[in-house]
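This is final_38.txt (compact mmCIF, C-alpha atoms).
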# COMPACT_ATOMS: atom_id res chain seq x y z
CA MET H 1017 60.72 -26.15 -76.88
CA ILE H 1018 59.27 -22.75 -77.63
CA GLU H 1019 56.72 -20.74 -75.71
CA ALA H 1020 54.43 -18.30 -77.48
CA VAL H 1021 52.81 -15.69 -75.26
CA SER H 1022 50.13 -13.67 -77.03
CA LYS H 1023 48.26 -10.83 -75.37
CA LEU H 1024 44.95 -10.24 -77.14
CA PHE H 1025 42.80 -7.15 -76.74
CA ALA H 1026 39.09 -7.90 -77.27
CA LYS H 1027 36.48 -5.32 -78.22
CA GLU H 1028 34.37 -4.68 -75.10
CA ASP H 1029 31.30 -6.26 -76.70
CA LYS H 1030 33.20 -9.20 -78.26
CA ILE H 1031 35.00 -10.70 -75.25
CA GLU H 1032 32.85 -13.84 -75.01
CA ASP H 1033 32.87 -14.20 -78.81
CA LEU H 1034 36.68 -14.12 -78.87
CA ILE H 1035 36.84 -16.80 -76.17
CA SER H 1036 34.31 -18.98 -78.03
CA VAL H 1037 36.09 -18.65 -81.36
CA PHE H 1038 39.44 -19.47 -79.69
CA LYS H 1039 37.87 -22.63 -78.25
CA GLU H 1040 37.27 -23.81 -81.85
CA MET H 1041 41.06 -23.73 -82.33
CA VAL H 1042 41.82 -25.98 -79.36
CA GLU H 1043 40.80 -29.45 -80.59
CA PRO H 1044 42.46 -29.30 -84.04
CA THR H 1045 45.56 -27.69 -82.47
CA LYS H 1046 45.92 -30.48 -79.93
CA LYS H 1047 46.22 -32.94 -82.83
CA GLU H 1048 49.15 -31.13 -84.42
CA LYS H 1049 52.75 -32.37 -84.44
CA GLY H 1050 54.77 -30.89 -81.56
CA TYR H 1051 51.77 -29.60 -79.63
CA ILE H 1052 52.48 -29.31 -75.88
CA LEU H 1053 50.16 -26.61 -74.51
CA TYR H 1054 47.49 -24.27 -75.86
CA GLU H 1055 45.51 -22.33 -73.26
CA MET H 1056 43.72 -18.97 -72.88
CA TYR H 1057 43.64 -16.87 -69.73
CA GLN H 1058 41.58 -13.77 -68.92
CA ASP H 1059 42.86 -10.84 -66.87
CA LYS H 1060 40.83 -10.64 -63.65
CA ASP H 1061 40.89 -6.84 -63.53
CA ASN H 1062 40.55 -6.19 -67.26
CA PRO H 1063 38.39 -8.90 -68.88
CA SER H 1064 39.07 -7.64 -72.40
CA VAL H 1065 42.72 -8.70 -72.03
CA LEU H 1066 43.09 -12.37 -72.99
CA ILE H 1067 46.44 -14.14 -72.92
CA VAL H 1068 47.12 -17.23 -75.02
CA LEU H 1069 49.96 -19.46 -73.83
CA GLU H 1070 51.30 -22.00 -76.29
CA GLN H 1071 54.14 -24.49 -76.07
CA TRP H 1072 55.52 -26.33 -79.08
CA GLU H 1073 58.37 -28.82 -79.34
CA SER H 1074 60.03 -26.71 -82.07
CA LYS H 1075 59.73 -23.44 -83.97
CA GLU H 1076 59.00 -25.52 -87.08
CA ASP H 1077 56.01 -27.10 -85.34
CA PHE H 1078 54.78 -23.63 -84.31
CA ASP H 1079 55.24 -22.33 -87.86
CA ALA H 1080 53.31 -25.32 -89.24
CA HIS H 1081 50.51 -24.49 -86.80
CA CYS H 1082 50.45 -20.91 -88.08
CA SER H 1083 50.01 -22.27 -91.62
CA SER H 1084 47.35 -24.86 -90.78
CA GLU H 1085 43.90 -25.02 -92.33
CA HIS H 1086 42.13 -24.28 -89.02
CA PHE H 1087 44.51 -21.35 -88.32
CA TYR H 1088 43.64 -19.69 -91.64
CA ARG H 1089 39.93 -20.45 -91.14
CA ILE H 1090 39.53 -19.42 -87.48
CA VAL H 1091 42.12 -16.73 -86.71
CA PRO H 1092 40.46 -14.15 -89.01
CA GLN H 1093 37.28 -14.64 -86.96
CA MET H 1094 39.35 -13.98 -83.81
CA LEU H 1095 40.86 -10.85 -85.36
CA ALA H 1096 37.35 -9.53 -86.05
CA CYS H 1097 36.72 -9.61 -82.27
CA MET H 1098 39.84 -7.64 -81.44
CA ASP H 1099 40.24 -3.97 -80.61
CA LYS H 1100 43.88 -3.62 -81.64
CA GLU H 1101 46.90 -5.65 -82.65
CA SER H 1102 47.95 -8.45 -80.33
CA GLU H 1103 51.34 -8.50 -78.62
CA VAL H 1104 53.10 -11.76 -79.51
CA ASN H 1105 56.32 -12.90 -77.86
CA ILE H 1106 58.00 -16.05 -79.16
CA CYS H 1107 60.22 -17.16 -76.34
CA HIS H 1108 62.51 -19.83 -75.00
CA ARG H 1109 62.84 -20.75 -71.35
CA VAL H 1110 65.75 -19.24 -69.37
CA ALA H 1111 64.79 -20.12 -65.78
CA MET X 588 44.17 -21.60 -59.78
CA ILE X 589 45.52 -18.28 -60.88
CA GLU X 590 48.06 -17.46 -63.57
CA ALA X 591 50.29 -14.43 -63.32
CA VAL X 592 51.88 -13.30 -66.57
CA SER X 593 54.51 -10.61 -66.09
CA LYS X 594 56.34 -8.99 -68.98
CA LEU X 595 59.63 -7.52 -67.77
CA PHE X 596 61.74 -5.02 -69.72
CA ALA X 597 65.44 -5.34 -68.89
CA LYS X 598 68.01 -2.59 -69.41
CA GLU X 599 70.13 -3.61 -72.42
CA ASP X 600 73.22 -4.10 -70.25
CA LYS X 601 71.36 -5.85 -67.40
CA ILE X 602 69.60 -8.71 -69.21
CA GLU X 603 71.80 -11.49 -67.82
CA ASP X 604 71.77 -9.87 -64.36
CA LEU X 605 67.97 -9.84 -64.33
CA ILE X 606 67.87 -13.52 -65.28
CA SER X 607 70.42 -14.39 -62.58
CA VAL X 608 68.61 -12.43 -59.88
CA PHE X 609 65.29 -14.04 -60.88
CA LYS X 610 66.92 -17.47 -60.51
CA GLU X 611 67.53 -16.65 -56.82
CA MET X 612 63.74 -16.39 -56.43
CA VAL X 613 63.02 -19.85 -57.82
CA GLU X 614 64.10 -22.20 -54.99
CA PRO X 615 62.42 -20.32 -52.11
CA THR X 616 59.30 -19.79 -54.26
CA LYS X 617 58.99 -23.51 -55.01
CA LYS X 618 58.72 -24.13 -51.27
CA GLU X 619 55.75 -21.81 -50.79
CA LYS X 620 52.19 -22.93 -50.14
CA GLY X 621 50.15 -23.17 -53.36
CA TYR X 622 53.15 -22.98 -55.70
CA ILE X 623 52.44 -24.67 -59.06
CA LEU X 624 54.71 -23.02 -61.64
CA TYR X 625 57.34 -20.28 -61.68
CA GLU X 626 59.30 -19.90 -64.92
CA MET X 627 61.03 -17.18 -66.98
CA TYR X 628 61.09 -16.99 -70.76
CA GLN X 629 63.10 -14.71 -73.05
CA ASP X 630 61.78 -13.26 -76.31
CA LYS X 631 63.82 -14.71 -79.19
CA ASP X 632 63.70 -11.49 -81.22
CA ASN X 633 64.00 -9.02 -78.35
CA PRO X 634 66.21 -10.51 -75.60
CA SER X 635 65.48 -7.62 -73.21
CA VAL X 636 61.86 -8.78 -72.97
CA LEU X 637 61.55 -11.45 -70.26
CA ILE X 638 58.23 -13.06 -69.39
CA VAL X 639 57.60 -14.65 -66.00
CA LEU X 640 54.80 -17.21 -65.87
CA GLU X 641 53.48 -18.16 -62.46
CA GLN X 642 50.68 -20.46 -61.36
CA TRP X 643 49.33 -20.53 -57.83
CA GLU X 644 46.53 -22.58 -56.32
CA SER X 645 44.81 -19.41 -55.03
CA LYS X 646 45.04 -15.62 -55.08
CA GLU X 647 45.79 -15.79 -51.34
CA ASP X 648 48.83 -17.99 -52.05
CA PHE X 649 50.00 -15.53 -54.72
CA ASP X 650 49.50 -12.60 -52.33
CA ALA X 651 51.47 -14.43 -49.61
CA HIS X 652 54.27 -14.91 -52.17
CA CYS X 653 54.26 -11.18 -52.90
CA SER X 654 54.70 -10.52 -49.16
CA SER X 655 57.40 -13.14 -48.56
CA GLU X 656 60.88 -12.42 -47.19
CA HIS X 657 62.63 -13.45 -50.39
CA PHE X 658 60.22 -11.35 -52.49
CA TYR X 659 61.04 -8.19 -50.49
CA ARG X 660 64.75 -9.05 -50.54
CA ILE X 661 65.17 -10.02 -54.23
CA VAL X 662 62.53 -8.14 -56.25
CA PRO X 663 64.14 -4.72 -55.61
CA GLN X 664 67.34 -6.13 -57.13
CA MET X 665 65.28 -7.21 -60.17
CA LEU X 666 63.69 -3.76 -60.42
CA ALA X 667 67.19 -2.22 -60.54
CA CYS X 668 67.83 -4.21 -63.74
CA MET X 669 64.68 -2.98 -65.45
CA ASP X 670 64.22 -0.27 -68.03
CA LYS X 671 60.57 0.50 -67.30
CA GLU X 672 57.58 -0.78 -65.36
CA SER X 673 56.60 -4.40 -65.92
CA GLU X 674 53.21 -5.38 -67.36
CA VAL X 675 51.51 -7.76 -64.93
CA ASN X 676 48.30 -9.63 -65.74
CA ILE X 677 46.67 -11.69 -63.00
CA CYS X 678 44.50 -14.14 -64.84
CA HIS X 679 42.25 -17.17 -64.62
CA ARG X 680 41.95 -19.81 -67.29
CA VAL X 681 39.04 -19.58 -69.75
CA ALA X 682 40.03 -22.17 -72.37
As a first step, turn the structure in this file into C-alpha cells.
Amino acid sequence: MIEAVSKLFAKEDKIEDLISVFKEMVEPTKKEKGYILYEMYQDKDNPSVLIVLEQWESKEDFDAHCSSEHFYRIVPQMLACMDKESEVNICHRVA
Amino acid sequence: MIEAVSKLFAKEDKIEDLISVFKEMVEPTKKEKGYILYEMYQDKDNPSVLIVLEQWESKEDFDAHCSSEHFYRIVPQMLACMDKESEVNICHRVA
C-alpha cells in the first residue's frame, strides 16, 4: 500500500475553485484499480493550503491513476488554481 | 473530525530513532478520548521525511492529546531526532 500526501497551495481567489475541480476527480478515481482513499483537507488557519491524501494498493496503481484520462483532463485545471508548486510525498507506512 | 498532518524532518542519523520513539506514542494515544487514527509514513525518495497523520473526533480531543502525560514525556525525545521544525497543518475535510 502506498500513501500519497500532496500539499497544494491555492491562489487566494481560487480556493473554492480548486476544491470544486478536485471534486470532479473523486468519482472517476474511486473506480480505478487499487483505489483505497482519495480525500482533500483544508488547513483551518490557512485556507489556501489544501492537502490531498491518497492511498493505493500499489505504486503501479498510483502510476496508472497519474496517467488516466481524467487526470490529464482535470489536473491542469487544478494547476491553474494554484499559487506555486505542490509538495508531493509518496510514502509507505512505518508505524 | 479534525485531521492533523505533520511533516517531520529527521536528522540523517536519527531516522530510525525517530520512528522508534514515535512508536512509543501509539499505544497510549490509541487509548485517548476521540482518537480515530494515528499513523506515520516515510517518504520513499527521501527517508528523512516522515509524515504523521492523525484524526480526532474534535479539536478539544486533539488539544487534550497535546497536553497528555505521554505527549510531554515522548515528544521532546522526538524533537531531539529532528533536523528542523516540523510543518503541522490542522485541517478539516472538504472533499
Go through chain H and flag each residue having an atom no more than 12 Å from chain X; for those, report the closest pair of atoms plus their distance in Å to one decimal, using all atoms listed in the file, ordered by chain and rising number, as JSON lines.
{"residue": "H:Met1017", "atom": "CA", "partner": "X:Tyr628", "partner_atom": "CA", "distance": 11.0}
{"residue": "H:Ile1018", "atom": "CA", "partner": "X:Tyr628", "partner_atom": "CA", "distance": 9.1}
{"residue": "H:Glu1019", "atom": "CA", "partner": "X:Tyr628", "partner_atom": "CA", "distance": 7.6}
{"residue": "H:Ala1020", "atom": "CA", "partner": "X:Asp630", "partner_atom": "CA", "distance": 9.0}
{"residue": "H:Val1021", "atom": "CA", "partner": "X:Ile638", "partner_atom": "CA", "distance": 8.4}
{"residue": "H:Ser1022", "atom": "CA", "partner": "X:Val592", "partner_atom": "CA", "distance": 10.6}
{"residue": "H:Lys1023", "atom": "CA", "partner": "X:Asn676", "partner_atom": "CA", "distance": 9.7}
{"residue": "H:Leu1024", "atom": "CA", "partner": "X:Asn676", "partner_atom": "CA", "distance": 11.9}
{"residue": "H:Ile1031", "atom": "CA", "partner": "X:Val681", "partner_atom": "CA", "distance": 11.2}
{"residue": "H:Glu1032", "atom": "CA", "partner": "X:Val681", "partner_atom": "CA", "distance": 9.9}
{"residue": "H:Leu1034", "atom": "CA", "partner": "X:Ala682", "partner_atom": "CA", "distance": 10.9}
{"residue": "H:Ile1035", "atom": "CA", "partner": "X:Ala682", "partner_atom": "CA", "distance": 7.3}
{"residue": "H:Ser1036", "atom": "CA", "partner": "X:Ala682", "partner_atom": "CA", "distance": 8.7}
{"residue": "H:Val1037", "atom": "CA", "partner": "X:Ala682", "partner_atom": "CA", "distance": 10.4}
{"residue": "H:Phe1038", "atom": "CA", "partner": "X:Ala682", "partner_atom": "CA", "distance": 7.8}
{"residue": "H:Lys1039", "atom": "CA", "partner": "X:Ala682", "partner_atom": "CA", "distance": 6.3}
{"residue": "H:Glu1040", "atom": "CA", "partner": "X:Ala682", "partner_atom": "CA", "distance": 10.0}
{"residue": "H:Met1041", "atom": "CA", "partner": "X:Ala682", "partner_atom": "CA", "distance": 10.1}
{"residue": "H:Val1042", "atom": "CA", "partner": "X:Ala682", "partner_atom": "CA", "distance": 8.2}
{"residue": "H:Glu1043", "atom": "CA", "partner": "X:Ala682", "partner_atom": "CA", "distance": 11.0}
{"residue": "H:Leu1053", "atom": "CA", "partner": "X:Ala682", "partner_atom": "CA", "distance": 11.3}
{"residue": "H:Tyr1054", "atom": "CA", "partner": "X:Ala682", "partner_atom": "CA", "distance": 8.5}
{"residue": "H:Glu1055", "atom": "CA", "partner": "X:Ala682", "partner_atom": "CA", "distance": 5.6}
{"residue": "H:Met1056", "atom": "CA", "partner": "X:Ala682", "partner_atom": "CA", "distance": 4.9}
{"residue": "H:Tyr1057", "atom": "CA", "partner": "X:Arg680", "partner_atom": "CA", "distance": 4.2}
{"residue": "H:Gln1058", "atom": "CA", "partner": "X:Cys678", "partner_atom": "CA", "distance": 5.0}
{"residue": "H:Asp1059", "atom": "CA", "partner": "X:Cys678", "partner_atom": "CA", "distance": 4.2}
{"residue": "H:Lys1060", "atom": "CA", "partner": "X:Cys678", "partner_atom": "CA", "distance": 5.2}
{"residue": "H:Asp1061", "atom": "CA", "partner": "X:Ile677", "partner_atom": "CA", "distance": 7.6}
{"residue": "H:Asn1062", "atom": "CA", "partner": "X:Asn676", "partner_atom": "CA", "distance": 8.6}
{"residue": "H:Pro1063", "atom": "CA", "partner": "X:Cys678", "partner_atom": "CA", "distance": 9.0}
{"residue": "H:Ser1064", "atom": "CA", "partner": "X:Cys678", "partner_atom": "CA", "distance": 11.4}
{"residue": "H:Val1065", "atom": "CA", "partner": "X:Asn676", "partner_atom": "CA", "distance": 8.5}
{"residue": "H:Leu1066", "atom": "CA", "partner": "X:Cys678", "partner_atom": "CA", "distance": 8.5}
{"residue": "H:Ile1067", "atom": "CA", "partner": "X:Cys678", "partner_atom": "CA", "distance": 8.3}
{"residue": "H:Val1068", "atom": "CA", "partner": "X:Ala682", "partner_atom": "CA", "distance": 9.0}
{"residue": "H:Leu1069", "atom": "CA", "partner": "X:Leu640", "partner_atom": "CA", "distance": 9.6}
{"residue": "H:Glu1070", "atom": "CA", "partner": "X:Ala682", "partner_atom": "CA", "distance": 11.9}
{"residue": "H:Gln1071", "atom": "CA", "partner": "X:Tyr628", "partner_atom": "CA", "distance": 11.5}
{"residue": "H:Lys1075", "atom": "CA", "partner": "X:Lys631", "partner_atom": "CA", "distance": 10.8}
{"residue": "H:Glu1103", "atom": "CA", "partner": "X:Lys594", "partner_atom": "CA", "distance": 10.9}
{"residue": "H:Val1104", "atom": "CA", "partner": "X:Asp630", "partner_atom": "CA", "distance": 9.4}
{"residue": "H:Asn1105", "atom": "CA", "partner": "X:Asp630", "partner_atom": "CA", "distance": 5.7}
{"residue": "H:Ile1106", "atom": "CA", "partner": "X:Asp630", "partner_atom": "CA", "distance": 5.5}
{"residue": "H:Cys1107", "atom": "CA", "partner": "X:Asp630", "partner_atom": "CA", "distance": 4.2}
{"residue": "H:His1108", "atom": "CA", "partner": "X:Tyr628", "partner_atom": "CA", "distance": 5.3}
{"residue": "H:Arg1109", "atom": "CA", "partner": "X:Tyr628", "partner_atom": "CA", "distance": 4.2}
{"residue": "H:Val1110", "atom": "CA", "partner": "X:Tyr628", "partner_atom": "CA", "distance": 5.4}
{"residue": "H:Ala1111", "atom": "CA", "partner": "X:Met627", "partner_atom": "CA", "distance": 4.9}
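Between X:Phe649 and the candidates X:Ala597, X:Ile623, X:Ala667, X:Ile661, the tightest atom-to-atom separation, counting only C-alpha atoms, involves X:Ile623.
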Interatomic distance (Å, one decimal) between atom CA of X:Glu619 and atom CA of X:Ser654: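 Computing it gives 11.5 Å between the two atoms.
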Superimposed copy of chain X on chain H by least squares over C-alpha atoms, as a PDB file with C-alpha atoms, keeping the file's coordinate frame:
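Result file is part-v7.pdb:
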ATOM      1  CA  MET X 588      60.691 -26.159 -76.875  1.00  0.00           C
ATOM      2  CA  ILE X 589      59.279 -22.768 -77.623  1.00  0.00           C
ATOM      3  CA  GLU X 590      56.712 -20.730 -75.720  1.00  0.00           C
ATOM      4  CA  ALA X 591      54.432 -18.294 -77.476  1.00  0.00           C
ATOM      5  CA  VAL X 592      52.808 -15.687 -75.255  1.00  0.00           C
ATOM      6  CA  SER X 593      50.134 -13.668 -77.031  1.00  0.00           C
ATOM      7  CA  LYS X 594      48.263 -10.828 -75.369  1.00  0.00           C
ATOM      8  CA  LEU X 595      44.954 -10.242 -77.146  1.00  0.00           C
ATOM      9  CA  PHE X 596      42.792  -7.132 -76.740  1.00  0.00           C
ATOM     10  CA  ALA X 597      39.102  -7.896 -77.272  1.00  0.00           C
ATOM     11  CA  LYS X 598      36.483  -5.312 -78.221  1.00  0.00           C
ATOM     12  CA  GLU X 599      34.366  -4.683 -75.103  1.00  0.00           C
ATOM     13  CA  ASP X 600      31.296  -6.268 -76.702  1.00  0.00           C
ATOM     14  CA  LYS X 601      33.199  -9.198 -78.263  1.00  0.00           C
ATOM     15  CA  ILE X 602      34.999 -10.698 -75.253  1.00  0.00           C
ATOM     16  CA  GLU X 603      32.854 -13.835 -75.013  1.00  0.00           C
ATOM     17  CA  ASP X 604      32.872 -14.214 -78.815  1.00  0.00           C
ATOM     18  CA  LEU X 605      36.671 -14.138 -78.874  1.00  0.00           C
ATOM     19  CA  ILE X 606      36.830 -16.811 -76.175  1.00  0.00           C
ATOM     20  CA  SER X 607      34.308 -18.984 -78.037  1.00  0.00           C
ATOM     21  CA  VAL X 608      36.097 -18.652 -81.368  1.00  0.00           C
ATOM     22  CA  PHE X 609      39.439 -19.465 -79.701  1.00  0.00           C
ATOM     23  CA  LYS X 610      37.870 -22.629 -78.255  1.00  0.00           C
ATOM     24  CA  GLU X 611      37.264 -23.824 -81.842  1.00  0.00           C
ATOM     25  CA  MET X 612      41.050 -23.735 -82.328  1.00  0.00           C
ATOM     26  CA  VAL X 613      41.823 -25.983 -79.366  1.00  0.00           C
ATOM     27  CA  GLU X 614      40.797 -29.469 -80.589  1.00  0.00           C
ATOM     28  CA  PRO X 615      42.458 -29.299 -84.034  1.00  0.00           C
ATOM     29  CA  THR X 616      45.558 -27.690 -82.473  1.00  0.00           C
ATOM     30  CA  LYS X 617      45.929 -30.496 -79.926  1.00  0.00           C
ATOM     31  CA  LYS X 618      46.227 -32.938 -82.822  1.00  0.00           C
ATOM     32  CA  GLU X 619      49.159 -31.140 -84.436  1.00  0.00           C
ATOM     33  CA  LYS X 620      52.741 -32.374 -84.438  1.00  0.00           C
ATOM     34  CA  GLY X 621      54.769 -30.897 -81.559  1.00  0.00           C
ATOM     35  CA  TYR X 622      51.755 -29.587 -79.632  1.00  0.00           C
ATOM     36  CA  ILE X 623      52.478 -29.307 -75.883  1.00  0.00           C
ATOM     37  CA  LEU X 624      50.168 -26.608 -74.501  1.00  0.00           C
ATOM     38  CA  TYR X 625      47.491 -24.279 -75.857  1.00  0.00           C
ATOM     39  CA  GLU X 626      45.510 -22.328 -73.259  1.00  0.00           C
ATOM     40  CA  MET X 627      43.724 -18.967 -72.873  1.00  0.00           C
ATOM     41  CA  TYR X 628      43.642 -16.870 -69.723  1.00  0.00           C
ATOM     42  CA  GLN X 629      41.583 -13.774 -68.913  1.00  0.00           C
ATOM     43  CA  ASP X 630      42.862 -10.837 -66.861  1.00  0.00           C
ATOM     44  CA  LYS X 631      40.834 -10.643 -63.635  1.00  0.00           C
ATOM     45  CA  ASP X 632      40.889  -6.837 -63.540  1.00  0.00           C
ATOM     46  CA  ASN X 633      40.560  -6.189 -67.269  1.00  0.00           C
ATOM     47  CA  PRO X 634      38.389  -8.915 -68.858  1.00  0.00           C
ATOM     48  CA  SER X 635      39.081  -7.643 -72.394  1.00  0.00           C
ATOM     49  CA  VAL X 636      42.721  -8.700 -72.023  1.00  0.00           C
ATOM     50  CA  LEU X 637      43.090 -12.375 -72.986  1.00  0.00           C
ATOM     51  CA  ILE X 638      46.441 -14.147 -72.925  1.00  0.00           C
ATOM     52  CA  VAL X 639      47.114 -17.237 -75.026  1.00  0.00           C
ATOM     53  CA  LEU X 640      49.958 -19.454 -73.841  1.00  0.00           C
ATOM     54  CA  GLU X 641      51.311 -21.993 -76.290  1.00  0.00           C
ATOM     55  CA  GLN X 642      54.155 -24.483 -76.071  1.00  0.00           C
ATOM     56  CA  TRP X 643      55.523 -26.327 -79.074  1.00  0.00           C
ATOM     57  CA  GLU X 644      58.364 -28.813 -79.335  1.00  0.00           C
ATOM     58  CA  SER X 645      60.036 -26.721 -82.074  1.00  0.00           C
ATOM     59  CA  LYS X 646      59.741 -23.444 -83.970  1.00  0.00           C
ATOM     60  CA  GLU X 647      59.011 -25.517 -87.092  1.00  0.00           C
ATOM     61  CA  ASP X 648      56.006 -27.095 -85.342  1.00  0.00           C
ATOM     62  CA  PHE X 649      54.782 -23.636 -84.302  1.00  0.00           C
ATOM     63  CA  ASP X 650      55.243 -22.334 -87.857  1.00  0.00           C
ATOM     64  CA  ALA X 651      53.317 -25.332 -89.248  1.00  0.00           C
ATOM     65  CA  HIS X 652      50.514 -24.482 -86.790  1.00  0.00           C
ATOM     66  CA  CYS X 653      50.456 -20.904 -88.072  1.00  0.00           C
ATOM     67  CA  SER X 654      50.023 -22.259 -91.620  1.00  0.00           C
ATOM     68  CA  SER X 655      47.371 -24.863 -90.782  1.00  0.00           C
ATOM     69  CA  GLU X 656      43.886 -25.006 -92.311  1.00  0.00           C
ATOM     70  CA  HIS X 657      42.139 -24.283 -89.027  1.00  0.00           C
ATOM     71  CA  PHE X 658      44.502 -21.363 -88.309  1.00  0.00           C
ATOM     72  CA  TYR X 659      43.638 -19.686 -91.641  1.00  0.00           C
ATOM     73  CA  ARG X 660      39.943 -20.463 -91.140  1.00  0.00           C
ATOM     74  CA  ILE X 661      39.522 -19.415 -87.472  1.00  0.00           C
ATOM     75  CA  VAL X 662      42.120 -16.721 -86.711  1.00  0.00           C
ATOM     76  CA  PRO X 663      40.454 -14.138 -89.004  1.00  0.00           C
ATOM     77  CA  GLN X 664      37.272 -14.626 -86.961  1.00  0.00           C
ATOM     78  CA  MET X 665      39.336 -13.962 -83.807  1.00  0.00           C
ATOM     79  CA  LEU X 666      40.865 -10.844 -85.365  1.00  0.00           C
ATOM     80  CA  ALA X 667      37.338  -9.520 -86.034  1.00  0.00           C
ATOM     81  CA  CYS X 668      36.718  -9.602 -82.263  1.00  0.00           C
ATOM     82  CA  MET X 669      39.838  -7.616 -81.439  1.00  0.00           C
ATOM     83  CA  ASP X 670      40.239  -3.960 -80.612  1.00  0.00           C
ATOM     84  CA  LYS X 671      43.879  -3.610 -81.650  1.00  0.00           C
ATOM     85  CA  GLU X 672      46.899  -5.651 -82.676  1.00  0.00           C
ATOM     86  CA  SER X 673      47.939  -8.457 -80.346  1.00  0.00           C
ATOM     87  CA  GLU X 674      51.338  -8.503 -78.624  1.00  0.00           C
ATOM     88  CA  VAL X 675      53.090 -11.762 -79.501  1.00  0.00           C
ATOM     89  CA  ASN X 676      56.328 -12.898 -77.863  1.00  0.00           C
ATOM     90  CA  ILE X 677      58.006 -16.042 -79.170  1.00  0.00           C
ATOM     91  CA  CYS X 678      60.209 -17.168 -76.345  1.00  0.00           C
ATOM     92  CA  HIS X 679      62.512 -19.844 -74.994  1.00  0.00           C
ATOM     93  CA  ARG X 680      62.844 -20.740 -71.351  1.00  0.00           C
ATOM     94  CA  VAL X 681      65.738 -19.233 -69.369  1.00  0.00           C
ATOM     95  CA  ALA X 682      64.780 -20.133 -65.788  1.00  0.00           C
TER      96      ALA X 682
END
One-decimal distance in Å that lies between atom CA of X:Tyr622 and atom CA of H:Lys1046: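 Separation between atom CA of H:Lys1046 and atom CA of X:Tyr622: 26.4 Å.
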Computed interatomic separation between atom CA of H:Lys1027 and atom CA of H:Asp1099 (Å):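 Taking atom CA of H:Lys1027 as the start and atom CA of H:Asp1099 as the end point, the length is 4.7 Å.
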Please determine an axis-aligned box that encloses all atoms of stretch 1027-1043 of chain H listed in the file, with 6 Å added on each side, and express its centre and edge lengths in Å to one decimal as lines of an AutoDock Vina configuration file.
center_x = 36.6
center_y = -17.1
center_z = -78.7
size_x = 22.5
size_y = 36.8
size_z = 19.3
